[in-house]
Amino acid sequence: MNNYPSLILQCEDSIEGILTAIYDAFVEKNKMHSYQDGDISIAIGDNLNVNLFAREIQVKTDLEKAQKTLSTIQSRLSYRAYKNIMSALCHFSLDRGDAALGYLIKGFPMGAKVTEALSDPYVMRIMELSRKVDNEAHLFCGFVRFHDLGKFLYSEVEPKCNVLPQVMEYFEDRFPNEHYVIYDLRRKMALVHPAYKNSFFVYGDEWNVDVSKQQDHFETLWTEYFEHIAIKERKNPRCQRNLLPKWYRKNMVEFK
Amino acid sequence: MANEISVASDWDGIMEKLTILADSAKYDVACTSSGVERKGDGKHMGSAAGCGICHSFAADGRCISLLKILFTNECIYDCRYCVNRSSNDVKRVSFTPEEVCVLTMEFYRRNYIEGLFLSSGIIGSPDYTMGLLYETLFLLRTKYHFHGYIHVKGIPGASSDLVELTGYLADRMSVNLEFPTAEGLRTLAPNKVRQNILTPMRQIQNGIKESRLNHGVYSMKSRVSIDEKTYYSQIAGMQESYDKLCDYQSAKGVLRGEKAAKVAEGAWGLTVRENAKSYGVAQRTAALTHADRYFVPAGQSTQMIIGATGETDYQIMSVSEALYNRFGMKRVFYSAFVNVNQDETLPAFREGVPLLREHRLYQADFLLRFYGFKADELLSECRPNFNERIDPKCDWAVRHLEQFPVEINTADYYTLLRVPGIGTKSARRILAARQHGKLDFDAIKKMGVVLKRALYFITCNGRMMYNTPIEENYITRQLVYAEKPAQLLLPDGGSAHYEQLSLFDFAV
Ligand code: SF4
C-alpha cells in the first residue's frame, strides 16, 4: 500500500465477513471520484488500526453479499483465481483482506490472466498466502488422527491456518461411510460429516471430548507399530523434527 | 463403520505379531504412496492421492505412509543379510489374511495410513506365499471394500498366474533386486536366482505397459489418473466372484473335494484349483471380461542393498539406469546396509550405516530421472565412486568446466539443468520469465536459483557475478564450503538440504 487509507472497513474475522467487506469496498470505491491504491483498507476482527484521518465503517456480515462476491470472482476471473482467493482467505495474516481487495481491483479488468500477473504485489501476496494454506492443508490430510468414540470418529486439530474448509472434500471423498467430526481447537469450529451426507461446519466449543478416557486397542497397536518401524541404527531426531515439527505432534496419538 | 473385530480379540497376540512383523519389514525402504490418483466411490472407504501423503515420521526421519508389514517372518531361505533367514533363532509368527485386513481397515479409518505395504518371508513355497498375499489383497478389496493404496511384493519364483492376478488388485508392485551384481546375490542369497527376480519384473512391466496402452497412456513414467467408473466396475466383477466363491465355500462344507469343484464349475462357472488359492481362479474369470482393467497403476519399483558386497557406485548407477530404461521402473530405492545379524563375513561399519553414500546415490538417481544425465557421464571405470565432499552434479560440473559458463538469457532447458544450483522448477521459471525481458542475478535468485552454487558457472547478460576464475580446484573448494553439513536425508522424506529434492519427494 502506498498511501494511508481514507476508508477502513471493519469486518468480522471469518471468510464470509471478509467477502462482505470486499463487496462493500467495491460499492464505496464506485462512489469515489478517483481511487488510489490503498484508499480503502479492510480491518479484520478487533485489529483496528486506529487512524486519525480515516473514516470507519462497521461491516455486518451478510451471506448474500459474500455469495455475490464469490460468484463474481468465478464468472469474471477463473476457477483458479477463485481457488487462490479462497485459500488465501484461510490464512491468519491480517493483510489478507487488503491483498484480496487489491487482487480483485487489479483482476476484474484483466480477467483470467490475473493469476499470471505475479509482478503485481497483491497478486503475488495472494499466491504466497494460498500456497502456505494449501501446504498446511496437505499436511493435515496426513496428520489428522481420529479417535473412535463408538458413535462417531473424532479428531482435534490446531492448525495455524484455517484448513478445515480446505480439507473438507478430501475427507468426505475418503470416508463417505463414516460419521466424523474434526474440531479446530483454536477457532472453535467443527467440521461435521454424517455418513453418506454432505459435511457442514458448526461453531462453538461444545465438543469437549476427553479423548484420553477412551480405551482403543488400535491406538495402542498403532503407537507400538510406530516405535518399531524406525531403524534404530539410523536414528535422526533432527530430520524427524524438520519434517514433522513439534507443533503438529500435539494431537497425534503416536507422540503422546 | 467399525468392522467386526472377531479376529482381533486376542489383543496381546496381535500386538506380538504386529511388532515382530513390523520389525522385520522396516529395512525395506519404500513407503511411498504416490503414482496413482483415484477418487472414492461414495460408498466405501478409501481413495488415493497422486502425490502421496505422509502420515507420520518415524524416529529415523523416514516418512510413514503405509502400514508396512511382513505377512510372516517364517522363511525357508537363508539369505545372509536378513533377520528372517532360516538359520536365525528368532520367534516366528504369521498373520492371517483377515488380520491384515482388519489392521489395515482400522488404521486407515483413524487416518494413520494411506494404505498397506505387504511383503513376506517365504513360507512353504514361493507359490504358497504369493497365494497368501493374493488372498489378503483379494479380501481387502472385495470383502472389506478397501479403496486405498496397496503396495505388494512379488515373490521371486512364484507362478506368473498368481503375479498377474495380484496385479489387478494392487496399486504398486515391487520385486527386490537385492544386490546390484549377480555375484553379490549368489554369495549372500544362495537360495535366490537372479533369473527368478528378473522374470516377474519383466512380467509386471509388460502388464503395466499393456494396461497403460489400453487407457491411452503411452509413458511408463507419468502418473495415472484412474477412471473411477472403469475401476470400480473391475472391482465389482471381483466382488461378484467373491460372492460366488462364498457360495462355493459353503457348498464345500457339504460336498467335498472333486464333487464340490464340479458343482462350482457347473453352477458358477468357476474353475477351481485347490492349491492355487481358489479366489484367484474366481477372480480371473471376472478380470478377463474387462479389456481395460487396471494393472499395477502406480507402477513398479525395486530396491538394492548398498555397501554389503563391495560394488562400486558406477556399477550401481549403471544397474539403476538399466532398470529405468529397460524395465520401466518408476523408482529404484537404495538401502544402506545394516548388519543386523552381526555376520562376520559381512562388513560392519564402525562409523555407522553408510548413509552418506546412500544419500549420494539418491542424488545421482535424481539426475538420471529428471536431468537427462547418463550413468557414464557421472562416473566411469577409472572414477567409479562419487565424491564424498560435493554432490554428484557439482562434481560433474567441475570436471566439465569447458562447458561453462552458461548464459542464463540464452541457454536451453537441458543446458540450464546442468548448472549446479538450478533445478527443474527454477529452469522452467527462467525459460518463462526470459520471454518478458532480460534476467539478472537478482531475478533468478527470486526464481529459486541457489546462487551460492550457481555463481561459478553462469553469466547474466555476459557477466559473471563476481569474476571468479573458472578453475577446478578453486571452484571445488568453494563448493565444499557451500555444502551444508551432511545432515543426511532419506529417500521417502526427501531432502531439505539438496535443492533438487523437494521436501516431499514422493511425487516422483
Ligand atoms: S527370502 Fe531371504 S531376504 Fe526374504 S525373508 Fe527370506 S531370508 Fe529374508
# chains A, B, ... in the order shown; residues from 1 in each chain; ligands from 1
$ residues_around --residues "Tyr456 of chain B" --least-positions-apart "6" --cutoff "12 Å" --atoms "only C-alpha atoms" --output "list in words"
Cys394, Ala397, Val398, Leu401, Phe404, Pro405, Val406, Glu407, Val419, Pro420, Gly421, Val450, Arg463, Met464, Met465, Tyr466, Asn467, Thr468, Pro469, Ile470, Glu471, Glu472, Tyr474, Ile475, Thr476, Arg477, Gln478, Leu479 and Ala482 of chain B
$ residues_near_ligand --ligand "ligand 1" --cutoff "7 Å" --atoms "only C-alpha atoms and all ligand atoms" --output "VMD selection string"
chain B and resid 73 75 to 79 82 to 86 120 to 122 189
$ write_last_selection --atoms "N, CA, C and O atoms" --output "mmCIF file, in the first residue's frame"
data_model
loop_
_atom_site.group_PDB
_atom_site.id
_atom_site.type_symbol
_atom_site.label_atom_id
_atom_site.label_comp_id
_atom_site.auth_asym_id
_atom_site.auth_seq_id
_atom_site.Cartn_x
_atom_site.Cartn_y
_atom_site.Cartn_z
ATOM 1 N N ASN B 73 7.230 -63.914 9.153
ATOM 2 C CA ASN B 73 8.698 -63.899 9.151
ATOM 3 C C ASN B 73 9.262 -65.318 9.105
ATOM 4 O O ASN B 73 10.448 -65.534 9.299
ATOM 5 N N CYS B 75 10.689 -68.292 7.089
ATOM 6 C CA CYS B 75 11.312 -68.287 5.771
ATOM 7 C C CYS B 75 12.098 -69.554 5.541
ATOM 8 O O CYS B 75 12.812 -70.023 6.420
ATOM 9 N N ILE B 76 11.913 -70.115 4.348
ATOM 10 C CA ILE B 76 12.651 -71.338 4.022
ATOM 11 C C ILE B 76 14.034 -71.006 3.478
ATOM 12 O O ILE B 76 14.864 -71.881 3.330
ATOM 13 N N TYR B 77 14.289 -69.741 3.182
ATOM 14 C CA TYR B 77 15.585 -69.365 2.621
ATOM 15 C C TYR B 77 16.529 -68.887 3.708
ATOM 16 O O TYR B 77 16.112 -68.546 4.812
ATOM 17 N N ASP B 78 17.779 -68.778 3.321
ATOM 18 C CA ASP B 78 18.776 -68.392 4.308
ATOM 19 C C ASP B 78 19.665 -67.271 3.776
ATOM 20 O O ASP B 78 20.880 -67.442 3.631
ATOM 21 N N CYS B 79 19.077 -66.147 3.491
ATOM 22 C CA CYS B 79 19.860 -65.022 2.982
ATOM 23 C C CYS B 79 20.690 -64.458 4.128
ATOM 24 O O CYS B 79 20.154 -64.139 5.179
ATOM 25 N N CYS B 82 19.765 -61.126 6.184
ATOM 26 C CA CYS B 82 18.381 -60.888 6.588
ATOM 27 C C CYS B 82 18.080 -61.461 7.979
ATOM 28 O O CYS B 82 18.482 -62.580 8.286
ATOM 29 N N VAL B 83 17.355 -60.684 8.794
ATOM 30 C CA VAL B 83 16.978 -61.176 10.134
ATOM 31 C C VAL B 83 16.127 -62.425 10.090
ATOM 32 O O VAL B 83 16.124 -63.211 11.029
ATOM 33 N N ASN B 84 15.389 -62.581 9.031
ATOM 34 C CA ASN B 84 14.435 -63.694 8.994
ATOM 35 C C ASN B 84 15.020 -64.978 8.445
ATOM 36 O O ASN B 84 14.307 -65.953 8.253
ATOM 37 N N ARG B 85 16.304 -64.989 8.136
ATOM 38 C CA ARG B 85 16.884 -66.172 7.498
ATOM 39 C C ARG B 85 16.609 -67.408 8.336
ATOM 40 O O ARG B 85 16.549 -67.345 9.575
ATOM 41 N N SER B 86 16.496 -68.528 7.653
ATOM 42 C CA SER B 86 16.050 -69.751 8.333
ATOM 43 C C SER B 86 16.999 -70.182 9.444
ATOM 44 O O SER B 86 16.581 -70.800 10.420
ATOM 45 N N SER B 120 6.661 -60.366 2.524
ATOM 46 C CA SER B 120 6.610 -61.610 3.296
ATOM 47 C C SER B 120 7.893 -62.415 3.186
ATOM 48 O O SER B 120 8.602 -62.347 2.185
ATOM 49 N N GLY B 121 8.192 -63.171 4.226
ATOM 50 C CA GLY B 121 9.189 -64.234 4.116
ATOM 51 C C GLY B 121 8.561 -65.361 3.300
ATOM 52 O O GLY B 121 7.363 -65.358 3.041
ATOM 53 N N ILE B 122 9.399 -66.305 2.889
ATOM 54 C CA ILE B 122 8.856 -67.378 2.048
ATOM 55 C C ILE B 122 8.416 -68.527 2.942
ATOM 56 O O ILE B 122 9.238 -69.185 3.570
ATOM 57 N N ALA B 189 22.666 -64.426 -1.006
ATOM 58 C CA ALA B 189 21.327 -65.016 -1.008
ATOM 59 C C ALA B 189 21.378 -66.302 -1.823
ATOM 60 O O ALA B 189 20.864 -66.380 -2.928
#
$ residues_around --residues "segment 91-107 of chain A" --least-positions-apart "3" --cutoff "7 Å" --atoms "only C-alpha atoms" --output "VMD selection string"
chain A and resid 18 22 41 to 42 44 85 88 110 to 111 114 122 to 123 125 to 126 129 133 161 to 162
$ select_by_dssp --residues "segment 27-215 of chain B" --states "strand (DSSP E or B)" --output "list in words"
Val36, Glu37, Arg38, Ala48, Ser56, Phe57, Cys63, Ile64, Leu66, Leu67, Lys68, Ile69, Leu70, Thr72, Ser94, Gly115, Leu116, Phe117, Leu118, Ser119, Tyr149, Ile150, His151, Val152, Lys153, Arg172, Met173, Ser174 and Glu178 of chain B
$ interface_residues --of "chain B" --to "chain A" --cutoff "6 Å" --atoms "only C-alpha atoms" --output "PyMOL selection string"
chain B and resi 1+19+22-23+26+40+42-47+53-55+58-61+110-111
$ write_last_selection --atoms "C-alpha atoms" --output "PDB file, in the first residue's frame"
ATOM      1  CA  MET B   1     -18.217 -48.115  10.215  1.00  0.00           C
ATOM      2  CA  THR B  19       5.665 -55.681  16.428  1.00  0.00           C
ATOM      3  CA  ALA B  22       6.951 -54.533  11.601  1.00  0.00           C
ATOM      4  CA  ASP B  23      10.463 -55.045  12.924  1.00  0.00           C
ATOM      5  CA  LYS B  26      11.391 -51.977   8.336  1.00  0.00           C
ATOM      6  CA  GLY B  40     -13.548 -42.835  -3.697  1.00  0.00           C
ATOM      7  CA  GLY B  42     -19.001 -42.532  -2.494  1.00  0.00           C
ATOM      8  CA  LYS B  43     -19.994 -45.680  -0.642  1.00  0.00           C
ATOM      9  CA  HIS B  44     -16.903 -47.315   0.764  1.00  0.00           C
ATOM     10  CA  MET B  45     -13.724 -46.238   2.438  1.00  0.00           C
ATOM     11  CA  GLY B  46     -10.610 -45.202   0.600  1.00  0.00           C
ATOM     12  CA  SER B  47      -9.041 -43.095  -2.120  1.00  0.00           C
ATOM     13  CA  ILE B  53       0.618 -38.363   1.663  1.00  0.00           C
ATOM     14  CA  CYS B  54       2.862 -38.736   4.682  1.00  0.00           C
ATOM     15  CA  HIS B  55       1.015 -39.572   7.856  1.00  0.00           C
ATOM     16  CA  ALA B  58       9.468 -42.207  12.468  1.00  0.00           C
ATOM     17  CA  ALA B  59      12.406 -41.613  14.798  1.00  0.00           C
ATOM     18  CA  ASP B  60      14.797 -42.279  11.901  1.00  0.00           C
ATOM     19  CA  GLY B  61      13.176 -39.410   9.989  1.00  0.00           C
ATOM     20  CA  ARG B 110      -8.313 -43.485  12.086  1.00  0.00           C
ATOM     21  CA  ASN B 111      -6.276 -41.783   9.353  1.00  0.00           C
TER      22      ASN B 111
END
$ atom_distance --atom1 "atom CA of Met168 of chain A" --atom2 "atom CA of Asp134 of chain A"
12.6 Å
$ residues_around --residues "Gln10 of chain A" --least-positions-apart "3" --cutoff "10 Å" --atoms "only C-alpha atoms" --output "list in words"
Leu7, Asp13, Gly17, Ile18, Ala21, Ser41, Ile42, Ala43, Ile44, Gly45, Asp46, Asn47, Leu48, Asn49, Glu56, Ile57, Gln58, Val59 and Lys60 of chain A
$ write_last_selection --atoms "N, CA and C atoms" --output "mmCIF file, in the first residue's frame"
data_model
loop_
_atom_site.group_PDB
_atom_site.id
_atom_site.type_symbol
_atom_site.label_atom_id
_atom_site.label_comp_id
_atom_site.auth_asym_id
_atom_site.auth_seq_id
_atom_site.Cartn_x
_atom_site.Cartn_y
_atom_site.Cartn_z
ATOM 1 N N LEU A 7 -10.544 5.172 3.971
ATOM 2 C CA LEU A 7 -11.722 4.472 4.462
ATOM 3 C C LEU A 7 -11.313 3.110 5.007
ATOM 4 N N ASP A 13 -13.942 -11.595 11.744
ATOM 5 C CA ASP A 13 -12.842 -12.472 11.342
ATOM 6 C C ASP A 13 -13.370 -13.816 10.852
ATOM 7 N N GLY A 17 -17.210 -12.788 6.485
ATOM 8 C CA GLY A 17 -17.033 -11.398 6.899
ATOM 9 C C GLY A 17 -16.164 -10.646 5.902
ATOM 10 N N ILE A 18 -15.045 -11.239 5.533
ATOM 11 C CA ILE A 18 -14.129 -10.566 4.617
ATOM 12 C C ILE A 18 -14.767 -10.403 3.243
ATOM 13 N N ALA A 21 -17.039 -7.542 3.310
ATOM 14 C CA ALA A 21 -16.284 -6.291 3.287
ATOM 15 C C ALA A 21 -15.797 -5.972 1.881
ATOM 16 N N SER A 41 -9.187 0.174 3.067
ATOM 17 C CA SER A 41 -8.487 -0.915 3.720
ATOM 18 C C SER A 41 -9.491 -1.756 4.503
ATOM 19 N N ILE A 42 -9.209 -3.051 4.574
ATOM 20 C CA ILE A 42 -10.115 -3.938 5.295
ATOM 21 C C ILE A 42 -9.445 -4.356 6.605
ATOM 22 N N ALA A 43 -10.095 -4.061 7.738
ATOM 23 C CA ALA A 43 -9.538 -4.448 9.033
ATOM 24 C C ALA A 43 -10.315 -5.651 9.539
ATOM 25 N N ILE A 44 -9.581 -6.699 9.872
ATOM 26 C CA ILE A 44 -10.232 -7.954 10.223
ATOM 27 C C ILE A 44 -10.277 -8.134 11.735
ATOM 28 N N GLY A 45 -11.424 -8.489 12.269
ATOM 29 C CA GLY A 45 -11.550 -8.764 13.693
ATOM 30 C C GLY A 45 -11.397 -7.489 14.499
ATOM 31 N N ASP A 46 -10.765 -7.623 15.661
ATOM 32 C CA ASP A 46 -10.644 -6.451 16.539
ATOM 33 C C ASP A 46 -9.371 -5.669 16.280
ATOM 34 N N ASN A 47 -8.733 -5.952 15.155
ATOM 35 C CA ASN A 47 -7.422 -5.367 14.950
ATOM 36 C C ASN A 47 -7.468 -4.037 14.239
ATOM 37 N N LEU A 48 -8.383 -3.200 14.662
ATOM 38 C CA LEU A 48 -8.494 -1.910 14.007
ATOM 39 C C LEU A 48 -7.268 -1.070 14.329
ATOM 40 N N ASN A 49 -6.640 -0.594 13.260
ATOM 41 C CA ASN A 49 -5.527 0.301 13.431
ATOM 42 C C ASN A 49 -6.093 1.695 13.550
ATOM 43 N N GLU A 56 -14.374 5.250 9.299
ATOM 44 C CA GLU A 56 -14.507 3.832 9.610
ATOM 45 C C GLU A 56 -15.941 3.369 9.415
ATOM 46 N N ILE A 57 -16.074 2.198 8.839
ATOM 47 C CA ILE A 57 -17.424 1.634 8.705
ATOM 48 C C ILE A 57 -17.402 0.232 9.299
ATOM 49 N N GLN A 58 -18.373 -0.097 10.128
ATOM 50 C CA GLN A 58 -18.510 -1.451 10.639
ATOM 51 C C GLN A 58 -19.285 -2.267 9.607
ATOM 52 N N VAL A 59 -18.684 -3.357 9.171
ATOM 53 C CA VAL A 59 -19.360 -4.184 8.170
ATOM 54 C C VAL A 59 -20.113 -5.300 8.884
ATOM 55 N N LYS A 60 -21.391 -5.442 8.564
ATOM 56 C CA LYS A 60 -22.146 -6.545 9.139
ATOM 57 C C LYS A 60 -22.121 -7.703 8.143
#
$ closest_residue --among "B:Pro354, B:Pro297, B:Gly423, B:Pro347" --to "Lys330 of chain B" --atoms "only C-alpha atoms"
B:Pro297
$ select_by_dssp --residues "segment 13-247 of chain A" --states "helix (DSSP H, G or I)" --output "JSON, numbers by chain"
{"A": [15, 16, 17, 18, 19, 20, 21, 22, 23, 24, 25, 26, 27, 28, 29, 30, 31, 63, 64, 65, 66, 67, 68, 69, 70, 71, 72, 73, 74, 75, 76, 79, 80, 81, 82, 83, 84, 85, 86, 87, 88, 89, 96, 97, 98, 99, 100, 101, 102, 103, 104, 105, 106, 107, 108, 109, 110, 111, 112, 113, 114, 115, 116, 121, 122, 123, 124, 125, 126, 127, 128, 129, 130, 131, 132, 133, 134, 135, 136, 137, 138, 139, 140, 141, 142, 143, 164, 165, 166, 167, 168, 169, 170, 171, 172, 173, 174, 211, 212, 213, 217, 218, 219, 220, 221, 222, 223, 224, 225, 226, 227, 228, 232, 233, 234, 237, 238, 239, 240, 241, 242, 243, 246, 247]}
$ residues_around --residues "segment 193-197 of chain B" --least-positions-apart "6" --cutoff "8 Å" --atoms "only C-alpha atoms" --output "PyMOL selection string"
chain B and resi 156-157+175-177+182+185-186
$ residues_around --residues "Glu16 of chain B" --least-positions-apart "5" --cutoff "9 Å" --atoms "only C-alpha atoms" --output "short mmCIF file (atom, residue, chain, number, x, y, z; two decimals) with all heavy atoms, in the first residue's frame"
data_model
loop_
_atom_site.label_atom_id
_atom_site.label_comp_id
_atom_site.auth_asym_id
_atom_site.auth_seq_id
_atom_site.Cartn_x
_atom_site.Cartn_y
_atom_site.Cartn_z
N TRP B 11 -5.81 -59.49 21.81
CA TRP B 11 -5.02 -58.29 21.57
C TRP B 11 -3.54 -58.50 21.78
O TRP B 11 -2.71 -57.98 21.02
CB TRP B 11 -5.51 -57.14 22.46
CG TRP B 11 -6.90 -56.73 22.09
CD1 TRP B 11 -8.04 -56.98 22.78
CD2 TRP B 11 -7.29 -56.04 20.90
NE1 TRP B 11 -9.12 -56.48 22.11
CE2 TRP B 11 -8.70 -55.89 20.96
CE3 TRP B 11 -6.59 -55.53 19.80
CZ2 TRP B 11 -9.41 -55.26 19.95
CZ3 TRP B 11 -7.31 -54.89 18.81
CH2 TRP B 11 -8.70 -54.76 18.88
N LEU B 21 6.46 -58.38 13.07
CA LEU B 21 6.40 -58.29 11.61
C LEU B 21 6.65 -56.88 11.09
O LEU B 21 6.97 -56.69 9.93
CB LEU B 21 5.07 -58.86 11.11
CG LEU B 21 4.98 -60.38 11.40
CD1 LEU B 21 3.57 -60.90 11.15
CD2 LEU B 21 6.00 -61.17 10.58
N VAL B 93 6.23 -65.73 13.57
CA VAL B 93 4.78 -65.53 13.63
C VAL B 93 4.23 -65.27 12.23
O VAL B 93 4.96 -64.84 11.34
CB VAL B 93 4.39 -64.33 14.52
CG1 VAL B 93 4.63 -64.62 15.99
CG2 VAL B 93 5.15 -63.08 14.11
#
$ decode --residues "segment 337-347 of chain B" --atoms "all heavy atoms" --output "mmCIF file, in the first residue's frame"
data_model
loop_
_atom_site.group_PDB
_atom_site.id
_atom_site.type_symbol
_atom_site.label_atom_id
_atom_site.label_comp_id
_atom_site.auth_asym_id
_atom_site.auth_seq_id
_atom_site.Cartn_x
_atom_site.Cartn_y
_atom_site.Cartn_z
ATOM 1 N N PHE B 337 23.297 -50.708 3.887
ATOM 2 C CA PHE B 337 23.348 -51.995 4.565
ATOM 3 C C PHE B 337 23.458 -51.842 6.079
ATOM 4 O O PHE B 337 24.270 -51.084 6.602
ATOM 5 C CB PHE B 337 24.551 -52.777 4.036
ATOM 6 C CG PHE B 337 24.758 -54.088 4.728
ATOM 7 C CD1 PHE B 337 23.796 -55.089 4.635
ATOM 8 C CD2 PHE B 337 25.895 -54.318 5.472
ATOM 9 C CE1 PHE B 337 23.984 -56.303 5.273
ATOM 10 C CE2 PHE B 337 26.088 -55.537 6.118
ATOM 11 C CZ PHE B 337 25.127 -56.525 6.015
ATOM 12 N N VAL B 338 22.616 -52.578 6.779
ATOM 13 C CA VAL B 338 22.701 -52.646 8.239
ATOM 14 C C VAL B 338 22.985 -54.101 8.574
ATOM 15 O O VAL B 338 22.234 -54.993 8.187
ATOM 16 C CB VAL B 338 21.365 -52.226 8.893
ATOM 17 C CG1 VAL B 338 21.462 -52.306 10.405
ATOM 18 C CG2 VAL B 338 20.956 -50.836 8.458
ATOM 19 N N ASN B 339 24.083 -54.335 9.280
ATOM 20 C CA ASN B 339 24.466 -55.719 9.559
ATOM 21 C C ASN B 339 23.681 -56.262 10.752
ATOM 22 O O ASN B 339 24.181 -56.392 11.858
ATOM 23 C CB ASN B 339 25.972 -55.794 9.827
ATOM 24 C CG ASN B 339 26.489 -57.224 9.763
ATOM 25 O OD1 ASN B 339 25.717 -58.181 9.873
ATOM 26 N ND2 ASN B 339 27.789 -57.363 9.582
ATOM 27 N N VAL B 340 22.428 -56.604 10.487
ATOM 28 C CA VAL B 340 21.538 -56.998 11.585
ATOM 29 C C VAL B 340 21.936 -58.319 12.227
ATOM 30 O O VAL B 340 21.629 -58.571 13.379
ATOM 31 C CB VAL B 340 20.067 -57.122 11.109
ATOM 32 C CG1 VAL B 340 19.446 -55.769 11.002
ATOM 33 C CG2 VAL B 340 19.984 -57.891 9.822
ATOM 34 N N ASN B 341 22.598 -59.174 11.462
ATOM 35 C CA ASN B 341 22.939 -60.499 12.015
ATOM 36 C C ASN B 341 24.334 -60.540 12.618
ATOM 37 O O ASN B 341 24.798 -61.583 13.038
ATOM 38 C CB ASN B 341 22.843 -61.557 10.919
ATOM 39 C CG ASN B 341 21.407 -61.732 10.456
ATOM 40 O OD1 ASN B 341 20.488 -61.604 11.248
ATOM 41 N ND2 ASN B 341 21.227 -62.010 9.182
ATOM 42 N N GLN B 342 25.006 -59.399 12.677
ATOM 43 C CA GLN B 342 26.394 -59.351 13.135
ATOM 44 C C GLN B 342 27.213 -60.433 12.430
ATOM 45 O O GLN B 342 28.042 -61.084 13.037
ATOM 46 C CB GLN B 342 26.511 -59.560 14.662
ATOM 47 C CG GLN B 342 25.460 -58.870 15.498
ATOM 48 C CD GLN B 342 25.549 -57.350 15.412
ATOM 49 O OE1 GLN B 342 26.610 -56.814 15.142
ATOM 50 N NE2 GLN B 342 24.447 -56.675 15.600
ATOM 51 N N ASP B 343 26.914 -60.645 11.174
ATOM 52 C CA ASP B 343 27.601 -61.678 10.405
ATOM 53 C C ASP B 343 29.035 -61.229 10.140
ATOM 54 O O ASP B 343 29.267 -60.159 9.581
ATOM 55 C CB ASP B 343 26.845 -61.883 9.075
ATOM 56 C CG ASP B 343 27.336 -63.089 8.315
ATOM 57 O OD1 ASP B 343 28.568 -63.262 8.206
ATOM 58 O OD2 ASP B 343 26.487 -63.856 7.825
ATOM 59 N N GLU B 344 29.999 -62.066 10.531
ATOM 60 C CA GLU B 344 31.391 -61.620 10.437
ATOM 61 C C GLU B 344 31.906 -61.544 9.011
ATOM 62 O O GLU B 344 32.887 -60.861 8.737
ATOM 63 C CB GLU B 344 32.283 -62.533 11.270
ATOM 64 C CG GLU B 344 32.209 -62.152 12.745
ATOM 65 C CD GLU B 344 32.780 -63.230 13.638
ATOM 66 O OE1 GLU B 344 33.536 -64.077 13.129
ATOM 67 O OE2 GLU B 344 32.441 -63.205 14.827
ATOM 68 N N THR B 345 31.278 -62.269 8.101
ATOM 69 C CA THR B 345 31.764 -62.213 6.726
ATOM 70 C C THR B 345 31.224 -60.969 6.005
ATOM 71 O O THR B 345 31.634 -60.677 4.902
ATOM 72 C CB THR B 345 31.312 -63.451 5.939
ATOM 73 O OG1 THR B 345 29.882 -63.501 5.986
ATOM 74 C CG2 THR B 345 31.874 -64.712 6.545
ATOM 75 N N LEU B 346 30.309 -60.272 6.644
ATOM 76 C CA LEU B 346 29.766 -59.070 6.014
ATOM 77 C C LEU B 346 30.363 -57.840 6.673
ATOM 78 O O LEU B 346 30.750 -57.885 7.839
ATOM 79 C CB LEU B 346 28.242 -59.045 6.166
ATOM 80 C CG LEU B 346 27.502 -60.143 5.410
ATOM 81 C CD1 LEU B 346 26.027 -60.112 5.725
ATOM 82 C CD2 LEU B 346 27.728 -59.988 3.919
ATOM 83 N N PRO B 347 30.443 -56.752 5.924
ATOM 84 C CA PRO B 347 31.063 -55.565 6.502
ATOM 85 C C PRO B 347 30.268 -55.024 7.692
ATOM 86 O O PRO B 347 29.038 -55.009 7.671
ATOM 87 C CB PRO B 347 31.047 -54.556 5.348
ATOM 88 C CG PRO B 347 30.102 -55.088 4.354
ATOM 89 C CD PRO B 347 30.023 -56.556 4.540
#
